[in-house]
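Peer 1: Provided herewith is a single structure, encoded as structure tokens, for subsequent inquiry.
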Amino acid sequence: MNKVKFAAGIVLVNALRFVRVFPNNDPIMGVMLPFARHQKWWNAAAFAFIAMVSFDLITSGIGAWTWVTAFTYAAIGIGAHFYFKNRQKIGLKNYLGAGIAGVLVFDFVTGVLFGPTLFGTPMELAFIAQIPFTALHLLSASVYIAVLAPLLDRHLVNSPQLSDERLAKLFFSDTKLKL
């Protein structure tokens with residue numbers, strides 16, 4: 001795993017979540033999917049998990065909801081890795097398909113299945129209330145996927161010029177690398 005890229009992705013996701021461009025602002029999928037494609041299966045899971053936990057730690061504190069959302073997103077990251085694993089050519093259509101499926105699973109598991117358990121809401125009401133929330137979540141995630149996933153895929157996650165070793169030499173060595 002490239003720790004510098006991983007940390008940069010976490011910082012990017014949390015910074016974008018603070019901006020609140022959308023009512024349901026979720027850049028995690030757009031950043032996680034390139035990691036799911038290019039890294040080991042557990043990296044996408046760890047990325048999604050840490051993104052969820054770190055944001056809650058900064059904003060509202062850690063609670064039962066944090067663990068439900070973090071583990072659900074981690075499972076989606078694992079699923080995304082295996083979706084991309086044997087595909088040679090992956091484009092925006094693949095990223096959007098995986099992201100939309102991931103959002104639908106995430107919102108169903110967290111909002112419809114666990115929401116009533118944690119908050120005492122009737123499941124029927126949770127399902128109906130989840131529809132507009134999921135629509136906004138799909139819009140937000142799709143925009144971030146369309147903008148971030150191809151960009152990060154080409155220029156960050158899969159870039160040999162930005163390896164941990166190369167970045168360490170660039171920033172922490174007396175001799176600067178020529179890019």
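Convention: chains lettered A, B, ... in structure tokens order; per-chain residue numbering from 1; ligands numbered from 1 as shown.
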If you run DSSP on the backbone, which residues of range 20-146 of chain A are helix (DSSP H, G or I), as a ChimeraX atom specification?
Peer 2: /A:28-38,41-59,64-84,92-119,123-146
Peer 1: Could you list, as a ChimeraX atom specification, every residue within 7 Å of Asn24 in chain A, counting only C-alpha atoms and ignoring same-chain residues fewer than 4 positions away?
Peer 2: /A:136-137,140
Peer 1: Quick one: residues within 7 Å of range 78-80 of chain A, only C-alpha atoms, excluding same-chain residues fewer than 5 positions away - as number ranges by chain?
Peer 2: A: 33, 36, 41-42, 44-45, 98
Peer 1: Please produce an output containing C-alpha atoms for each residue in the selection, written as a PDB file, in the first residue's frame.
Peer 2:
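Contents of again-v4.pdb, as written:
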```pdb
ATOM      1  CA  LEU A  33     -12.941   3.155  -6.204  1.00  0.00           C
ATOM      2  CA  ALA A  36     -10.257  -0.690  -4.911  1.00  0.00           C
ATOM      3  CA  TRP A  41      -8.559  -5.987  -1.387  1.00  0.00           C
ATOM      4  CA  TRP A  42      -8.124  -4.758   2.152  1.00  0.00           C
ATOM      5  CA  ALA A  44     -10.211  -0.137  -0.201  1.00  0.00           C
ATOM      6  CA  ALA A  45     -11.893  -1.521   2.911  1.00  0.00           C
ATOM      7  CA  ALA A  98     -19.852   0.202  -9.125  1.00  0.00           C
TER       8      ALA A  98
END
```
Peer 1: Please identify all polymer residues within 12 Å of range 81-88 of chain A, counting only C-alpha atoms, omitting same-chain residues fewer than 5 positions from it, and present them as a PyMOL selection string.
Peer 2: chain A and resi 32-46+74-76+94-95+97-99+101-102
Peer 1: So which one's closest to Phe108 in chain A, A:Ile90, A:Val68, A:Ala141, A:Leu96? Using only C-alpha atoms, please.
Peer 2: A:Val68
